[in-house]
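Participant: Got a file for you: start_38.cif, mmCIF, C-alpha atoms.
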```
data_model
loop_
_atom_site.group_PDB
_atom_site.id
_atom_site.type_symbol
_atom_site.label_atom_id
_atom_site.label_comp_id
_atom_site.auth_asym_id
_atom_site.auth_seq_id
_atom_site.Cartn_x
_atom_site.Cartn_y
_atom_site.Cartn_z
ATOM 1 C CA MET G 1 -132.987 6.058 303.991
ATOM 2 C CA LEU G 2 -132.076 3.916 307.011
ATOM 3 C CA GLU G 3 -135.750 3.324 307.722
ATOM 4 C CA ALA G 4 -135.978 1.397 304.469
ATOM 5 C CA PHE G 5 -133.433 -1.171 305.693
ATOM 6 C CA PHE G 6 -134.014 -1.174 309.444
ATOM 7 C CA ARG G 7 -137.260 -1.214 311.309
ATOM 8 C CA ILE G 8 -137.026 0.565 314.652
ATOM 9 C CA PRO G 9 -139.019 -1.356 317.246
ATOM 10 C CA PRO G 10 -141.647 0.629 319.138
ATOM 11 C CA ILE G 11 -140.336 0.277 322.692
ATOM 12 C CA LYS G 12 -140.688 2.688 325.555
ATOM 13 C CA LEU G 13 -137.571 3.153 327.634
ATOM 14 C CA ARG G 14 -137.833 4.677 331.029
ATOM 15 C CA GLN G 15 -135.162 5.842 333.374
ATOM 16 C CA PRO G 16 -134.473 3.355 336.173
ATOM 17 C CA ASP G 17 -135.661 4.399 339.593
ATOM 18 C CA LEU G 18 -132.555 4.800 341.719
ATOM 19 C CA THR G 19 -133.785 5.065 345.259
ATOM 20 C CA TRP G 20 -130.355 4.489 346.819
ATOM 21 C CA ARG G 21 -127.484 6.858 346.245
ATOM 22 C CA PRO G 22 -124.097 6.197 347.796
ATOM 23 C CA SER G 23 -122.925 8.734 350.330
ATOM 24 C CA THR G 24 -119.958 10.933 349.570
ATOM 25 C CA ASN G 25 -117.891 9.127 352.209
ATOM 26 C CA LEU G 26 -118.612 5.764 350.570
ATOM 27 C CA VAL G 27 -117.600 7.098 347.158
ATOM 28 C CA PHE G 28 -114.443 8.605 348.678
ATOM 29 C CA ALA G 29 -113.572 5.296 350.382
ATOM 30 C CA GLY G 30 -114.061 3.432 347.100
ATOM 31 C CA MET G 31 -111.874 5.883 345.202
ATOM 32 C CA LEU G 32 -109.191 5.747 347.901
ATOM 33 C CA PHE G 33 -109.234 1.937 347.746
ATOM 34 C CA ALA G 34 -108.913 2.071 343.951
ATOM 35 C CA PHE G 35 -106.033 4.556 344.275
ATOM 36 C CA TRP G 36 -104.291 2.192 346.704
ATOM 37 C CA LEU G 37 -104.655 -0.743 344.335
ATOM 38 C CA ILE G 38 -103.517 1.186 341.271
ATOM 39 C CA THR G 39 -100.476 2.763 342.944
ATOM 40 C CA GLY G 40 -99.679 -0.638 344.439
ATOM 41 C CA GLY G 41 -99.217 -2.042 340.955
ATOM 42 C CA ILE G 42 -102.243 -4.326 340.756
ATOM 43 C CA VAL G 43 -102.163 -4.155 336.947
ATOM 44 C CA TYR G 44 -98.538 -5.327 336.922
ATOM 45 C CA ASP G 45 -99.407 -8.055 339.424
ATOM 46 C CA LEU G 46 -102.331 -9.313 337.356
ATOM 47 C CA ILE G 47 -100.313 -9.422 334.138
ATOM 48 C CA ASN G 48 -97.026 -10.869 335.423
ATOM 49 C CA GLU G 49 -98.328 -12.894 338.404
ATOM 50 C CA PRO G 50 -95.322 -12.426 340.707
ATOM 51 C CA PRO G 51 -95.040 -14.388 343.966
ATOM 52 C CA VAL G 52 -96.367 -12.793 347.144
ATOM 53 C CA ILE G 53 -92.907 -12.765 348.722
ATOM 54 C CA GLY G 54 -89.628 -14.125 347.464
ATOM 55 C CA THR G 55 -86.863 -16.185 348.956
ATOM 56 C CA THR G 56 -83.129 -15.834 348.929
ATOM 57 C CA GLU G 57 -80.413 -18.257 349.900
ATOM 58 C CA GLY G 58 -78.997 -17.762 353.384
ATOM 59 C CA PRO G 59 -75.408 -18.281 354.579
ATOM 60 C CA ASN G 60 -76.033 -21.953 355.466
ATOM 61 C CA GLY G 61 -77.822 -22.771 352.227
ATOM 62 C CA ASN G 62 -81.317 -22.494 353.685
ATOM 63 C CA ARG G 63 -84.090 -20.350 352.163
ATOM 64 C CA ILE G 64 -84.808 -17.000 353.823
ATOM 65 C CA PRO G 65 -87.991 -15.039 352.998
ATOM 66 C CA GLU G 66 -87.399 -11.776 351.159
ATOM 67 C CA GLY G 67 -89.979 -8.985 351.082
ATOM 68 C CA VAL G 68 -88.363 -6.558 348.634
ATOM 69 C CA MET G 69 -87.021 -7.605 345.245
ATOM 70 C CA SER G 70 -83.693 -5.995 344.483
ATOM 71 C CA GLY G 71 -83.527 -3.861 341.366
ATOM 72 C CA THR G 72 -86.221 -1.906 339.607
ATOM 73 C CA ARG G 73 -87.225 -4.507 337.020
ATOM 74 C CA GLY G 74 -89.855 -6.215 339.161
ATOM 75 C CA GLN G 75 -91.719 -6.356 342.406
ATOM 76 C CA TYR G 76 -93.311 -8.878 344.704
ATOM 77 C CA PHE G 77 -97.052 -8.700 345.286
ATOM 78 C CA MET G 78 -96.826 -7.534 348.917
ATOM 79 C CA GLU G 79 -94.060 -5.087 348.045
ATOM 80 C CA GLY G 80 -96.342 -3.296 345.596
ATOM 81 C CA LEU G 81 -99.267 -3.181 348.003
ATOM 82 C CA THR G 82 -97.030 -1.852 350.792
ATOM 83 C CA GLY G 83 -95.632 0.839 348.507
ATOM 84 C CA GLY G 84 -99.161 1.763 347.463
ATOM 85 C CA PHE G 85 -100.116 1.977 351.140
ATOM 86 C CA PHE G 86 -97.335 4.502 351.739
ATOM 87 C CA TYR G 87 -98.505 6.611 348.773
ATOM 88 C CA THR G 88 -102.098 6.436 350.002
ATOM 89 C CA MET G 89 -101.048 7.323 353.540
ATOM 90 C CA GLY G 90 -99.257 10.437 352.274
ATOM 91 C CA GLY G 91 -102.270 11.423 350.200
ATOM 92 C CA GLY G 92 -104.561 10.859 353.170
ATOM 93 C CA GLY G 93 -102.331 13.113 355.259
ATOM 94 C CA LEU G 94 -102.597 15.845 352.630
ATOM 95 C CA ILE G 95 -106.382 15.473 352.513
ATOM 96 C CA LEU G 96 -106.652 15.565 356.315
ATOM 97 C CA ALA G 97 -104.442 18.635 356.624
ATOM 98 C CA HIS G 98 -106.379 20.429 353.889
ATOM 99 C CA HIS G 99 -109.782 19.454 355.303
ATOM 100 C CA SER G 100 -108.865 20.637 358.784
ATOM 101 C CA LEU G 101 -108.213 24.148 357.476
ATOM 102 C CA GLU G 102 -111.661 24.391 355.887
ATOM 103 C CA ALA G 103 -113.707 22.582 358.540
ATOM 104 C CA ASN G 104 -115.798 24.295 361.198
ATOM 105 C CA TRP G 105 -113.935 22.664 364.073
ATOM 106 C CA SER G 106 -112.591 23.975 367.343
ATOM 107 C CA SER G 107 -108.994 25.142 367.383
ATOM 108 C CA GLY G 108 -107.871 22.097 369.394
ATOM 109 C CA ASN G 109 -109.362 19.685 366.869
ATOM 110 C CA LYS G 110 -107.875 21.673 363.990
ATOM 111 C CA CYS G 111 -104.408 21.490 365.538
ATOM 112 C CA LEU G 112 -104.831 17.763 366.166
ATOM 113 C CA ALA G 113 -105.943 17.122 362.574
ATOM 114 C CA ILE G 114 -103.138 19.233 361.098
ATOM 115 C CA GLY G 115 -100.588 17.472 363.303
ATOM 116 C CA LEU G 116 -101.954 14.049 362.359
ATOM 117 C CA GLY G 117 -102.004 14.994 358.673
ATOM 118 C CA PHE G 118 -98.407 16.169 358.668
ATOM 119 C CA SER G 119 -97.376 13.118 360.712
ATOM 120 C CA LEU G 120 -98.920 10.873 358.065
ATOM 121 C CA ILE G 121 -97.103 12.789 355.335
ATOM 122 C CA ILE G 122 -93.754 12.465 357.130
ATOM 123 C CA LEU G 123 -94.311 8.758 357.868
ATOM 124 C CA ALA G 124 -95.195 8.152 354.226
ATOM 125 C CA LYS G 125 -92.056 9.955 353.086
ATOM 126 C CA LEU G 126 -89.861 8.000 355.511
ATOM 127 C CA GLY G 127 -91.472 4.690 354.569
ATOM 128 C CA THR G 128 -91.144 5.328 350.858
ATOM 129 C CA THR G 129 -87.535 6.439 351.276
ATOM 130 C CA ALA G 130 -86.756 3.331 353.333
ATOM 131 C CA PHE G 131 -88.347 1.193 350.626
ATOM 132 C CA TRP G 132 -86.218 2.816 347.929
ATOM 133 C CA SER G 133 -83.063 2.480 349.978
ATOM 134 C CA ILE G 134 -83.758 -1.268 350.352
ATOM 135 C CA LYS G 135 -84.704 -1.703 346.701
ATOM 136 C CA MET G 136 -81.851 0.380 345.278
ATOM 137 C CA PRO G 137 -78.931 0.676 347.708
ATOM 138 C CA GLY G 138 -77.057 3.916 347.233
ATOM 139 C CA TYR G 139 -80.058 5.836 345.857
ATOM 140 C CA TYR G 140 -80.472 7.804 349.106
ATOM 141 C CA PRO G 141 -76.938 7.635 350.544
ATOM 142 C CA SER G 142 -77.370 10.323 353.213
ATOM 143 C CA MET G 143 -80.866 9.402 354.436
ATOM 144 C CA PHE G 144 -80.032 6.956 357.215
#
```
Turn this file's structure into structure tokens for me.
Facilitator:
Amino acid sequence: MLEAFFRIPPIKLRQPDLTWRPSTNLVFAGMLFAFWLITGGIVYDLINEPPVIGTTEGPNGNRIPEGVMSGTRGQYFMEGLTGGFFYTMGGGGLILAHHSLEANWSSGNKCLAIGLGFSLIILAKLGTTAFWSIKMPGYYPSMF
């Protein structure tokens, strides 16, 4: 019945010849970069267009740069990207620690990779906690 109203053109479609395939490391790097941007709040930054850093008034009336916006209702552009970096660093530490257990490496390299992975996880936790204690004073009262 559709053929009575529409005439299908006689075209021959062929599959494109993809001679170049990205390597798994390139795909992983692209996905990690996308994860960093998304956890950094790039969607919020594109919609609301916040300033890169803010300013606050100092004791003498002069303007002092401020990197972290107080309260949870907003964020500066660099604040979001730095927070996303901490999340990505923690995830990278988890990936490195997991990969070192499955890899065919020597025991010295495995210990080094596990130590580096757990160091990245701990640094990410400390950085994220420091960020939250700056953003919301009193949220982590016994951390520092």
Participant: For Tyr76 of chain G, list every protein, DNA or RNA residue within 7 Å, evaluated using all atoms listed in the file, and leave out those in the same chain fewer than 5 positions away; present the list as a PyMOL selection string.
Facilitator: chain G and resi 50-54+68-69
Participant: Return the single residue from G:Leu81, G:Asn60, G:Ser23, G:Tyr139 that is closest to Phe35 of chain G, with distances computed using only C-alpha atoms.
Facilitator: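 With only C-alpha atoms as the atom set, the closest residue is G:Leu81.
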Participant: Using the chain letters and numbers from the file, give me the residues hit by the PyMOL selection byres ((chain G and resi 122) around 12), as a ChimeraX atom specification.
Facilitator: /G:86-87,89-94,115-121,123-129
Participant: Which distance in Å separates atom CA of Glu57 of chain G and atom CA of Tyr44 of chain G, to one decimal?
Facilitator: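 Going from atom CA of Glu57 of chain G over to atom CA of Tyr44 of chain G, I get 25.8 Å.
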Participant: Output the residue selection produced by the PyMOL selection byres ((chain G and resi 70) around 12) on the file above, formatted as a list of chain:residue names.
Facilitator: G:Gly54, G:Thr55, G:Thr56, G:Glu66, G:Gly67, G:Val68, G:Met69, G:Gly71, G:Thr72, G:Arg73, G:Gly74, G:Gln75, G:Tyr76, G:Glu79, G:Phe131, G:Trp132, G:Ser133, G:Ile134, G:Lys135, G:Met136, G:Pro137
Participant: List, as a list in words, every residue that the PyMOL selection byres ((chain G and resi 41) around 9) selects in the file provided.
Facilitator: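 After applying the PyMOL selection byres ((chain G and resi 41) around 9), what remains is Trp36, Leu37, Ile38, Thr39, Gly40, Ile42, Val43, Tyr44, Asp45, Leu46, Gln75, Phe77, Gly80, Leu81, Gly83 and Gly84 of chain G.
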